[in-house]
Every structure is written in structure tokens, then in C-alpha cells.
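J.: start_16.txt is the file, holding compact mmCIF, C-alpha atoms and all ligand atoms:
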# COMPACT_ATOMS: atom_id res chain seq x y z
CA MET A 1 124.42 90.87 170.77
CA ARG A 2 122.98 90.85 167.25
CA ILE A 3 122.87 93.77 164.82
CA GLY A 4 120.63 93.83 161.75
CA LEU A 5 122.13 95.67 158.79
CA ILE A 6 119.28 96.45 156.43
CA ALA A 7 119.61 97.77 152.89
CA MET A 8 116.61 99.24 151.11
CA SER A 9 117.40 97.63 147.79
CA GLY A 10 115.97 98.07 144.31
CA VAL A 11 115.83 101.02 141.96
CA ARG A 12 113.13 103.63 142.16
CA VAL A 13 111.77 106.07 139.63
CA ARG A 14 109.66 108.07 141.99
CA ASN A 15 107.66 110.57 140.03
CA GLN A 16 104.52 108.75 138.87
CA LYS A 17 103.33 111.74 136.80
CA LEU A 18 106.55 111.70 134.77
CA ILE A 19 106.39 107.93 134.35
CA ASP A 20 102.75 108.19 133.20
CA ILE A 21 103.65 110.60 130.40
CA GLY A 22 106.59 108.41 129.41
CA VAL A 23 109.41 110.58 130.72
CA THR A 24 111.87 108.04 131.99
CA LEU A 25 115.26 106.72 131.04
CA PRO A 26 114.85 104.26 128.14
CA GLY A 27 114.41 100.77 129.52
CA PHE A 28 115.32 101.92 132.98
CA VAL A 29 112.36 100.48 134.83
CA SER A 30 112.56 97.08 133.15
CA ARG A 31 116.35 97.06 133.40
CA GLY A 32 115.89 98.06 137.03
CA LYS A 33 114.77 94.55 137.90
CA VAL A 34 118.18 93.31 136.79
CA ILE A 35 120.40 96.00 138.24
CA ALA A 36 118.35 96.19 141.43
CA SER A 37 119.84 92.98 142.72
CA LEU A 38 123.09 94.58 143.82
CA PRO A 39 124.24 94.32 147.40
CA SER A 40 124.85 97.40 149.54
CA LEU A 41 128.61 97.82 149.60
CA GLY A 42 128.14 100.46 152.31
CA LEU A 43 126.57 97.94 154.68
CA LEU A 44 129.11 95.23 153.81
CA THR A 45 131.71 97.80 154.89
CA VAL A 46 129.76 98.52 158.09
CA ALA A 47 129.71 94.76 158.73
CA ALA A 48 133.49 94.59 158.33
CA LEU A 49 133.94 97.45 160.80
CA THR A 50 131.79 95.72 163.43
CA PRO A 51 133.78 94.38 166.40
CA PRO A 52 134.24 90.61 165.92
CA ASP A 53 132.39 89.60 169.11
CA VAL A 54 129.16 91.08 167.71
CA GLU A 55 126.92 89.04 165.39
CA VAL A 56 125.68 90.78 162.24
CA GLU A 57 122.96 89.80 159.83
CA TYR A 58 122.82 91.50 156.43
CA LEU A 59 119.34 91.86 154.91
CA GLU A 60 117.91 93.51 151.82
CA PHE A 61 114.33 94.74 151.63
CA ASP A 62 112.96 95.52 148.22
CA GLU A 63 109.45 95.23 149.62
CA VAL A 64 109.36 95.88 153.38
CA PRO A 65 107.34 93.29 155.40
CA GLN A 66 103.87 94.73 156.04
CA SER A 67 103.36 93.20 159.47
CA ASP A 68 105.60 93.98 162.45
CA ASP A 69 105.46 90.26 163.29
CA ASP A 70 107.43 89.60 160.09
CA LEU A 71 110.22 92.07 160.94
CA PRO A 72 113.33 90.15 162.06
CA ASP A 73 114.26 90.81 165.68
CA PHE A 74 117.61 92.42 166.58
CA ASP A 75 119.24 94.20 169.53
CA LEU A 76 120.16 97.06 167.21
CA VAL A 77 119.19 97.89 163.64
CA ALA A 78 121.40 99.87 161.24
CA LEU A 79 119.98 101.19 157.98
CA SER A 80 121.72 102.71 154.99
CA SER A 81 120.08 105.62 153.20
CA LEU A 82 119.70 106.77 149.62
CA THR A 83 117.33 109.62 148.86
CA ALA A 84 115.08 107.68 146.49
CA ARG A 85 113.86 105.37 149.27
CA ILE A 86 114.26 107.61 152.25
CA ASP A 87 110.54 107.70 153.11
CA ALA A 88 110.48 103.88 153.32
CA THR A 89 113.73 103.93 155.30
CA TYR A 90 112.34 106.38 157.86
CA ASP A 91 109.12 104.40 158.05
CA LEU A 92 111.03 101.19 158.81
CA ALA A 93 113.21 102.99 161.36
CA ASP A 94 110.09 104.39 163.07
CA ARG A 95 108.52 100.91 163.18
CA TYR A 96 111.58 99.31 164.77
CA ARG A 97 111.85 102.11 167.34
CA ALA A 98 108.16 101.72 168.20
CA LEU A 99 108.93 98.03 168.86
CA GLY A 100 111.69 99.10 171.25
CA VAL A 101 114.62 98.29 168.94
CA PRO A 102 117.17 101.14 168.73
CA VAL A 103 118.01 102.32 165.21
CA VAL A 104 121.17 103.83 163.71
CA LEU A 105 120.93 105.57 160.34
CA GLY A 106 123.91 106.23 158.09
CA GLY A 107 124.71 106.73 154.41
CA LEU A 108 124.48 109.39 151.77
CA HIS A 109 121.03 110.86 152.46
CA VAL A 110 121.58 111.03 156.20
CA THR A 111 124.89 112.79 155.62
CA LEU A 112 123.15 115.39 153.47
CA MET A 113 120.08 115.81 155.73
CA PRO A 114 121.23 115.08 159.29
CA ASP A 115 118.60 117.08 161.16
CA GLU A 116 115.79 115.44 159.23
CA ALA A 117 117.27 111.97 159.81
CA GLN A 118 117.79 112.58 163.52
CA ASN A 119 114.00 112.53 163.98
CA HIS A 120 113.92 108.87 162.96
CA ALA A 121 116.96 107.42 164.72
CA ASP A 122 118.55 106.87 168.10
CA ALA A 123 121.87 107.69 166.47
CA ILE A 124 122.99 108.93 163.07
CA VAL A 125 126.40 108.58 161.45
CA LEU A 126 127.56 111.22 158.99
CA ASN A 127 130.11 110.57 156.20
CA GLY A 128 131.76 107.13 156.01
CA ALA A 129 131.23 104.44 158.62
CA GLU A 130 135.03 104.39 158.85
CA GLY A 131 136.17 106.26 161.93
CA ALA A 132 132.74 106.05 163.59
CA TRP A 133 131.03 102.64 163.51
CA PRO A 134 133.26 100.73 165.96
CA GLU A 135 132.68 103.52 168.48
CA VAL A 136 128.90 103.43 167.89
CA VAL A 137 128.81 99.69 168.63
CA ASN A 138 131.02 99.96 171.69
CA ASP A 139 128.97 102.89 173.02
CA PHE A 140 125.78 100.92 172.41
CA LYS A 141 127.17 97.94 174.32
CA ALA A 142 128.07 100.26 177.19
CA GLY A 143 124.55 101.79 177.13
CA LYS A 144 125.80 105.27 176.21
CA MET A 145 125.19 105.63 172.49
CA LYS A 146 125.33 109.29 171.43
CA PRO A 147 122.80 110.82 169.04
CA ARG A 148 125.37 111.79 166.40
CA TYR A 149 128.71 110.45 165.17
CA ILE A 150 130.95 111.91 162.50
CA GLY A 151 132.84 109.39 160.36
CA LEU A 152 135.69 110.04 157.96
CA LYS A 153 135.23 111.86 154.70
CA LYS A 154 138.76 111.16 153.46
CA ASP A 155 141.67 108.77 154.03
CA VAL A 156 139.26 105.84 154.29
CA PHE A 157 141.60 103.53 152.35
CA LYS A 158 144.61 104.20 154.58
CA PRO A 159 146.03 101.34 156.68
CA GLY A 160 144.40 101.25 160.09
CA THR A 161 141.15 102.62 158.67
CA TYR A 162 140.52 100.50 155.60
CA VAL A 163 138.59 97.26 156.01
CA GLN A 164 137.76 94.77 153.28
CA PRO A 165 133.94 94.69 152.86
CA ARG A 166 132.38 91.43 154.15
CA PHE A 167 131.73 89.86 150.75
CA ASP A 168 131.46 86.51 152.54
CA LEU A 169 127.99 87.62 153.75
CA LEU A 170 126.81 87.25 150.15
CA LYS A 171 127.51 83.50 150.03
CA GLY A 172 124.55 81.41 148.92
CA ARG A 173 122.64 84.40 147.54
CA SER A 174 122.00 85.23 143.94
CA TYR A 175 123.17 88.54 142.50
CA ASN A 176 123.29 89.83 138.94
CA ARG A 177 126.20 92.02 139.91
CA VAL A 178 128.48 92.59 142.86
CA THR A 179 130.04 95.97 143.52
CA VAL A 180 133.70 96.58 144.28
CA GLN A 181 135.00 100.07 144.91
CA THR A 182 138.42 101.08 143.58
CA SER A 183 138.17 104.81 144.26
CA ARG A 184 135.95 107.41 145.87
CA GLY A 185 135.19 110.76 144.29
CA CYS A 186 136.78 112.16 141.16
CA PRO A 187 139.69 114.59 140.78
CA ILE A 188 137.93 116.41 137.94
CA ASN A 189 135.60 118.63 139.82
CA CYS A 190 132.89 119.22 137.19
CA GLU A 191 130.48 121.83 138.42
CA PHE A 192 127.38 119.71 137.75
CA CYS A 193 128.61 116.56 139.51
CA ALA A 194 128.03 115.80 143.17
CA ALA A 195 130.75 113.13 143.46
CA SER A 196 133.58 115.27 144.73
CA ILE A 197 131.38 117.66 146.64
CA ARG A 198 129.12 115.30 148.54
CA ILE A 199 130.66 111.85 148.61
CA THR A 200 134.20 112.76 149.59
CA SER A 201 136.22 115.91 150.14
CA SER A 202 139.17 114.57 148.16
CA TYR A 203 139.79 111.93 145.51
CA GLN A 204 140.75 108.63 147.14
CA GLN A 205 142.12 105.61 145.35
CA LYS A 206 142.83 102.09 146.58
CA PRO A 207 146.23 100.52 145.97
CA VAL A 208 146.05 97.89 143.20
CA ASP A 209 146.76 94.95 145.54
CA MET A 210 143.82 95.97 147.77
CA VAL A 211 141.45 95.91 144.78
CA ILE A 212 142.79 92.55 143.60
CA SER A 213 142.31 91.08 147.07
CA GLU A 214 138.68 92.31 147.09
CA LEU A 215 138.06 90.86 143.64
CA ARG A 216 139.40 87.50 144.82
CA ALA A 217 137.11 87.67 147.87
CA VAL A 218 134.13 88.34 145.57
CA THR A 219 134.94 85.33 143.38
CA GLU A 220 135.14 83.17 146.52
CA ALA A 221 131.73 84.37 147.73
CA VAL A 222 129.71 84.47 144.48
CA ASP A 223 129.77 82.04 141.55
CA LEU A 224 130.88 83.64 138.27
CA PRO A 225 130.39 87.19 139.52
CA PHE A 226 129.74 90.09 137.18
CA VAL A 227 131.55 92.95 138.89
CA GLU A 228 130.35 96.54 138.90
CA PHE A 229 132.98 99.01 140.01
CA ALA A 230 131.23 101.39 142.41
CA ASP A 231 133.38 104.33 141.36
CA ASP A 232 132.71 107.77 140.09
CA ASN A 233 135.43 107.66 137.41
CA THR A 234 137.47 104.43 137.45
CA PHE A 235 140.07 105.15 134.76
CA VAL A 236 140.70 108.82 135.37
CA ASN A 237 144.24 107.84 136.47
CA LYS A 238 145.56 105.99 133.40
CA LYS A 239 148.84 104.79 134.94
CA TRP A 240 147.10 103.23 137.96
CA GLY A 241 144.34 101.90 135.68
CA LYS A 242 146.81 100.03 133.49
CA ALA A 243 148.55 98.54 136.55
CA LEU A 244 145.18 97.32 137.87
CA LEU A 245 144.11 95.87 134.51
CA ARG A 246 147.38 93.94 134.11
CA GLU A 247 146.76 92.28 137.48
CA MET A 248 143.10 91.59 136.66
CA ARG A 249 143.88 89.63 133.50
CA GLY A 250 144.34 86.37 135.40
CA LEU A 251 141.11 86.62 137.37
CA ASN A 252 138.70 85.58 134.61
CA LEU A 253 136.16 88.28 135.53
CA ARG A 254 133.50 90.12 133.58
CA TRP A 255 132.85 93.67 134.66
CA PHE A 256 131.22 97.05 134.10
CA THR A 257 132.28 100.49 135.15
CA GLU A 258 131.70 104.21 134.80
CA THR A 259 134.47 106.44 133.54
CA ASP A 260 135.02 109.43 131.27
CA ILE A 261 135.57 109.78 127.52
CA THR A 262 139.37 110.16 127.81
CA VAL A 263 139.69 106.33 127.75
CA ALA A 264 139.00 106.66 124.01
CA ASP A 265 142.34 108.45 123.54
CA ASP A 266 144.38 105.58 124.97
CA PRO A 267 144.41 102.42 122.79
CA GLU A 268 146.73 100.58 125.21
CA LEU A 269 144.25 101.16 128.02
CA LEU A 270 141.35 100.00 125.85
CA ASP A 271 143.21 96.80 124.92
CA LEU A 272 143.98 96.09 128.57
CA MET A 273 140.34 96.71 129.52
CA ALA A 274 139.22 94.15 126.94
CA GLN A 275 141.83 91.63 128.08
CA ALA A 276 140.81 92.08 131.73
CA GLY A 277 137.16 91.19 131.02
CA CYS A 278 135.46 94.58 130.48
CA ARG A 279 131.95 94.01 129.10
CA GLN A 280 130.35 97.46 129.45
CA ILE A 281 131.39 100.98 130.27
CA LEU A 282 129.13 103.91 130.95
CA ILE A 283 130.37 107.32 129.84
CA GLY A 284 128.42 110.48 130.53
CA LEU A 285 128.44 112.81 127.54
CA GLU A 286 127.17 115.99 129.05
CA SER A 287 126.24 117.67 125.78
CA PRO A 288 126.29 116.76 122.08
CA SER A 289 127.70 120.19 121.22
CA ALA A 290 131.16 121.61 121.99
CA LYS A 291 129.46 124.82 123.11
CA GLY A 292 127.36 122.92 125.64
CA VAL A 293 130.35 121.03 127.01
CA ALA A 294 132.28 124.28 127.38
CA GLY A 295 129.59 125.43 129.78
CA VAL A 296 130.08 122.46 132.09
CA ARG A 297 133.85 122.23 132.07
CA PRO A 298 135.69 121.13 135.20
CA ALA A 299 136.42 123.77 137.77
CA ARG A 300 139.67 122.21 138.96
CA LEU A 301 141.86 119.14 138.58
CA GLU A 302 143.21 117.92 141.91
CA SER A 303 146.39 116.49 140.49
CA GLU A 304 148.18 117.10 137.21
CA ALA A 305 149.38 113.47 137.38
CA PHE A 306 146.30 112.28 135.50
C1 LIG B 401 126.20 100.87 143.03
C2 LIG B 401 125.20 102.01 143.04
C3 LIG B 401 123.85 101.68 143.00
C4 LIG B 401 123.35 100.23 143.09
C5 LIG B 401 123.36 99.72 144.52
C6 LIG B 401 123.09 100.78 145.58
C7 LIG B 401 123.29 100.27 146.99
N1 LIG B 401 122.38 99.47 147.50
O1 LIG B 401 124.27 100.64 147.63
C8 LIG B 401 121.93 100.35 142.45
C9 LIG B 401 122.06 100.05 140.96
C10 LIG B 401 120.84 99.42 143.03
C11 LIG B 401 121.64 101.82 142.66
C12 LIG B 401 120.37 102.34 142.62
C13 LIG B 401 120.10 103.69 142.75
N2 LIG B 401 120.97 104.69 142.78
CO1 LIG B 401 122.88 104.39 142.89
N3 LIG B 401 124.73 104.31 143.00
C14 LIG B 401 125.63 103.36 143.10
C15 LIG B 401 127.06 103.92 143.17
C16 LIG B 401 127.66 103.91 141.74
C17 LIG B 401 128.00 103.20 144.13
C18 LIG B 401 127.43 103.02 145.55
C19 LIG B 401 128.46 102.34 146.41
O2 LIG B 401 128.49 101.12 146.50
N4 LIG B 401 129.37 103.12 147.02
C20 LIG B 401 130.44 102.60 147.84
C21 LIG B 401 130.00 102.48 149.31
C22 LIG B 401 131.15 101.92 150.13
O3 LIG B 401 129.71 103.78 149.74
P1 LIG B 401 128.32 104.17 150.49
O4 LIG B 401 127.23 103.29 150.06
O5 LIG B 401 128.15 105.63 150.39
O6 LIG B 401 128.65 103.77 152.02
C23 LIG B 401 129.56 104.49 152.83
C24 LIG B 401 128.93 105.66 153.59
O7 LIG B 401 127.84 106.27 152.94
C25 LIG B 401 128.55 105.07 154.92
N5 LIG B 401 127.31 104.34 155.07
C26 LIG B 401 126.45 103.87 154.16
N6 LIG B 401 125.43 103.25 154.74
C27 LIG B 401 125.62 103.28 156.05
C28 LIG B 401 124.87 102.78 157.10
C29 LIG B 401 125.33 102.94 158.42
C30 LIG B 401 124.54 102.39 159.54
C31 LIG B 401 126.54 103.64 158.65
C32 LIG B 401 127.06 103.79 160.03
C33 LIG B 401 127.29 104.18 157.59
C34 LIG B 401 126.83 103.98 156.31
O8 LIG B 401 129.63 104.17 155.16
C35 LIG B 401 129.98 103.53 153.91
C36 LIG B 401 131.48 103.28 153.92
O9 LIG B 401 132.19 104.51 153.91
C37 LIG B 401 126.78 105.37 143.68
C38 LIG B 401 127.85 106.41 143.38
C39 LIG B 401 128.83 106.47 144.53
N7 LIG B 401 130.01 106.90 144.23
O10 LIG B 401 128.54 106.16 145.69
C40 LIG B 401 125.40 105.66 143.10
C41 LIG B 401 124.40 106.52 143.91
C42 LIG B 401 124.44 106.04 145.35
N8 LIG B 401 123.10 106.19 143.35
C43 LIG B 401 122.33 107.20 143.25
C44 LIG B 401 121.00 107.13 142.78
C45 LIG B 401 120.35 108.45 142.44
C46 LIG B 401 120.36 105.89 142.61
C47 LIG B 401 118.89 105.61 142.25
C48 LIG B 401 117.89 106.62 142.82
C49 LIG B 401 118.70 105.49 140.75
C50 LIG B 401 117.19 105.36 140.39
N9 LIG B 401 116.68 106.37 139.71
O11 LIG B 401 116.54 104.41 140.74
C51 LIG B 401 118.71 104.20 142.85
C52 LIG B 401 118.23 104.27 144.31
C53 LIG B 401 118.29 102.91 144.95
C54 LIG B 401 117.65 102.87 146.29
N10 LIG B 401 117.42 101.65 146.72
O12 LIG B 401 117.36 103.83 146.95
C55 LIG B 401 122.98 108.46 143.82
C56 LIG B 401 122.41 108.69 145.24
C57 LIG B 401 122.13 110.11 145.58
C58 LIG B 401 121.37 110.17 146.90
N11 LIG B 401 121.32 111.35 147.46
O13 LIG B 401 120.82 109.21 147.41
C59 LIG B 401 124.47 108.09 143.76
C60 LIG B 401 125.35 108.75 144.83
C61 LIG B 401 125.01 108.47 142.35
C62 LIG B 401 125.06 109.98 142.16
N12 LIG B 401 126.21 110.62 142.27
O14 LIG B 401 124.06 110.59 141.90
N13 LIG B 401 122.77 102.52 142.86
Using C-alpha cells, write down the structure from this file.

T.:
Amino acid sequence: MRIGLIAMSGVRVRNQKLIDIGVTLPGFVSRGKVIASLPSLGLLTVAALTPPDVEVEYLEFDEVPQSDDDLPDFDLVALSSLTARIDATYDLADRYRALGVPVVLGGLHVTLMPDEAQNHADAIVLNGAEGAWPEVVNDFKAGKMKPRYIGLKKDVFKPGTYVQPRFDLLKGRSYNRVTVQTSRGCPINCEFCAASIRITSSYQQKPVDMVISELRAVTEAVDLPFVEFADDNTFVNKKWGKALLREMRGLNLRWFTETDITVADDPELLDLMAQAGCRQILIGLESPSAKGVAGVRPARLESEAF
């Protein structure tokens, strides 16, 4: 049995009217060509959760093949979903189903819009693939796949649930960046941010040795990788962050991440970041004025430990 895992890659700025009048993030479209060549960590995780007797092929479609003859053939197709390309995702799912190939849809958009997604799939998976995907595959093999599965929203990095994403599937391909996730969600529940509301119900963080093992796997799969941490706020936990950075110093990596402005208050952390190969960080400043920031202050902090 062969499953096709298909990512709809690339970045999309969808609103042509806004683009035409020049309303876009500076350089975003041109920069998009560079940052678009990131693999789908979600599908590499799905691949790792697939029972070992099943063959998987991981594909990325920036442009979807126009002719059905050019669509690779599989026994089952699984697609990940982000909102920006959901129309193309549904279109591809509909095409495969019309060809008689069953389709499973999972990922962020499907989790937010399950009833809509159900119209385009034989089965949908809500939340993480963890806690659901092995059952989907086994049910499919037994000819009794259900229309809807509910995966885990928390505890995905716990032993017995956690799997290391299949970075080996990236061998021989060219990527500008490869994503590694160290945490999911953010303990600072800012009212404007979807991370802790939609992506996970609680902040989850990987133990340092798990992250180091993933980084080693990435360096084995991709030459001189530039790592992008697929986190919502990597260094929100300073103690854990410093422990990770100390271990990363020997790996000879270059990396980017997203975090919050509190890193600026911790010179030791900043030094360790530099020593561990940090090349860029992205910090969201929600307002240039103290009054504006006061209006978007966090509603709750999950743990005082940070
Ligand atoms: C890295 C990243 C990118 C990368 C790569 C994206 C990719 N191919 O995965 C790039 C730079 C290309 C990118 C582009 C964009 N991104 Co982006 N990106 C992220 C980021 C920071 C990390 C994603 C990640 O790797 N997560 C870790 C993996 C393990 O989680 P996951 O993908 O959700 O997968 C899990 C589950 O969803 C599920 N799952 C996923 N797929 C499937 C499939 C099946 C079959 C099953 C069973 C389960 C399953 O199981 C997985 C394991 O638990 C997230 C923020 C975040 N915290 O997720 C934003 C995020 C995904 N991006 C976002 C946005 C808005 C965009 C853009 C629209 C930006 C733009 N204007 O162009 C584009 C859209 C790209 C597209 N093709 O549609 C939003 C998406 C919101 C939404 N509703 O879709 C997010 C959530 C940021 C945010 N908080 O707003 N992005």
C-alpha cells in the first residue's frame, strides 16, 4: 500500500485588489520565493506516524499539475491544509476522489472548518495527527475508514505519542530552510493571537535532548541546513532556552526564530543565541505606543516559571 502525502507549498498573498494598490508586506512577495521552499513539518510528522509496513511518498505542489494524467497515483492521498491555499487543496482533493483515490484531509484549516472540509474528503482529521493517524491508516487497510477522526490537541510531545518527523524524506532535495519545532503554542495568551487558542489548548515544550536529536537528523538529511524554528515563541522560557542553546553550540547551525521582546532584557541569553548560530529573529511589536500595547496585553500567563 502506498500513501501520497501532499503539501500545498509556497506563500500566497491572496487579495489581488490589495496587491494592485500596493498594500502588501514590504518585500513579502519577492521574499516569498525564498521562504516558500520550506517543507511541511506537519506531513513529515504524519509520515513518521505511518505504520512501517506502509510506503509513503512526500510531495510538494507549488503549482498543481493541470492534467489528471500528471497526478501521481496512490492508494490513499493525505493533504495538509492552510487557509491561504484551501481552494486549491479542495480542488486537488476533489480531483483525486473523482479518479477513485480516497482522500484524507488534516491540518489547521480543516481543524477550524471541519464541516466545510468534510465535503471534499473521505476522512478528515482534526487537531494533531498524533493520536489519530495510525488508526486512520489501519482502518483504511481494513476497509472501514471513518469520516472523522479527532487527534490530540495537547501532550503531543509525551513519550508514546511523540515521533521524530521524517526529515530523511528531504534527502536529495534543495531547501532554503528546514523547520524544526521546539514548542507548540505560547503561555502568554495575548488576546489578538491565535496560537494558544487554535493551535493547541496548552503550551507544550519539547525536552532539550529531543530538539537536539531532531537538529542532528536535519543535518544528516540536508547539507548545511538553515533551520527555522516552527514555534510561536521559542524563548519565552528563558531557563529552558539557555539549556537548549548551550547544547546547540556544537552543532554548527545557522537559524531563525520567532520570539518576543523580553529576549532583549537578558544579555546572557542573547550571547548564547549568537554563539549557537542565530542569524535572524522576528519579534512582533504590536504597537509603537505604550498606550496601544496596553490595549493588547496578555490575558493570562499559564505558568509563573517564565
Ligand atoms: C513554518 C510556517 C510556514 C512555512 C511552511 C508552512 C508549511 N508548509 O507547513 C511557510 C513560510 C511556507 C508558511 C507560509 C504561510 N503561512 Co505559515 N506558518 C508556519 C509556522 C510558523 C509553523 C508551521 C509548522 O511547521 N508547524 C508545526 C507542525 C508540526 O504543525 P502543523 O503543520 O499544524 O501539523 C500538525 C497538525 O496540524 C496536523 N496536520 C497537519 N497536516 C496534516 C495532514 C494530515 C493528513 C493529518 C492527518 C494531520 C495533519 O498534524 C501535525 C502534527 O501535529 C506556523 C505557526 C504554527 N505555530 O504552526 C505558521 C502558520 C501555519 N502560517 C500561517 C500563514 C497565515 C501563512 C501564509 C498564508 C502566509 C502568507 N501570507 O503567504 C502562508 C500560507 C502557505 C500556504 N502554502 O498555504 C498561519 C496559518 C493560519 C491558517 N488558518 O491557515 C500560521 C498558523 C501562523 C499564524 N498563527 O497565523 N508558513

J.: Give the residues close to ligand LIG 401 (chain B), within 7 Å, counting all atoms listed in the file; write them as number ranges by chain.

T.: A: 7-13, 35-43, 45-46, 78-85, 104-109, 125, 127-130, 133, 179, 181, 184-185, 193-195, 199, 230-232

J.: Quick one: pull the distance between CA of Ile188 in chain A and CA of Tyr162 in chain A, Å, one decimal.

T.: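 For CA of Ile188 in chain A relative to CA of Tyr162 in chain A, the distance reads 23.9 Å.
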
J.: Write out as a list in words the residues lying within 8 Å of Ile124 in chain A, counting all atoms listed in the file and excluding same-chain residues fewer than 2 positions away.

T.: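 Listing them by chain and then by number gives Val104, Leu105, Gly106, Val110, Pro114, Ala117, Gln118, Ala121, Asp122, Leu126, Pro147, Arg148 and Tyr149 of chain A.
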
J.: Distance CA of Gly160 in chain A-CA of Gly131 in chain A, one decimal place?

T.: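 CA of Gly160 in chain A sits 9.8 Å away from CA of Gly131 in chain A.
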
J.: Take CA of His120 in chain A and CA of Ala93 in chain A and report the distance between them in Å, one decimal.

T.: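 Separating CA of His120 in chain A from CA of Ala93 in chain A is a distance of 6.1 Å.
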
J.: Pick out the residues sitting within 12 Å of range 280-285 of chain A, and hand them over as an MDAnalysis selection string; count only C-alpha atoms, and ignore anything fewer than 6 positions along from it in its own chain.

T.: chainID A and resid 190 192:193 226:236 254:264 270 273:274 292:293 296:297

J.: Which of these residues is nearest to Gln164 in chain A, using only C-alpha atoms: A:Leu59, A:Leu215, A:Ala290, A:Leu245?

T.: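 Ranking A:Leu59, A:Leu215, A:Ala290, A:Leu245 by distance to Gln164 in chain A, first place goes to A:Leu215.
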
J.: Show me, as a ChimeraX atom specification, the residues that have an atom within 12 Å of Arg95 in chain A when counting only C-alpha atoms, minus same-chain residues fewer than 2 positions from it.

T.: /A:64-73,77,88-93,97-103,120-121

J.: For Glu247 in chain A, which of A:Leu5, A:Cys278, A:Ala221, A:Val211 is the closest residue, counting only C-alpha atoms?

T.: A:Val211
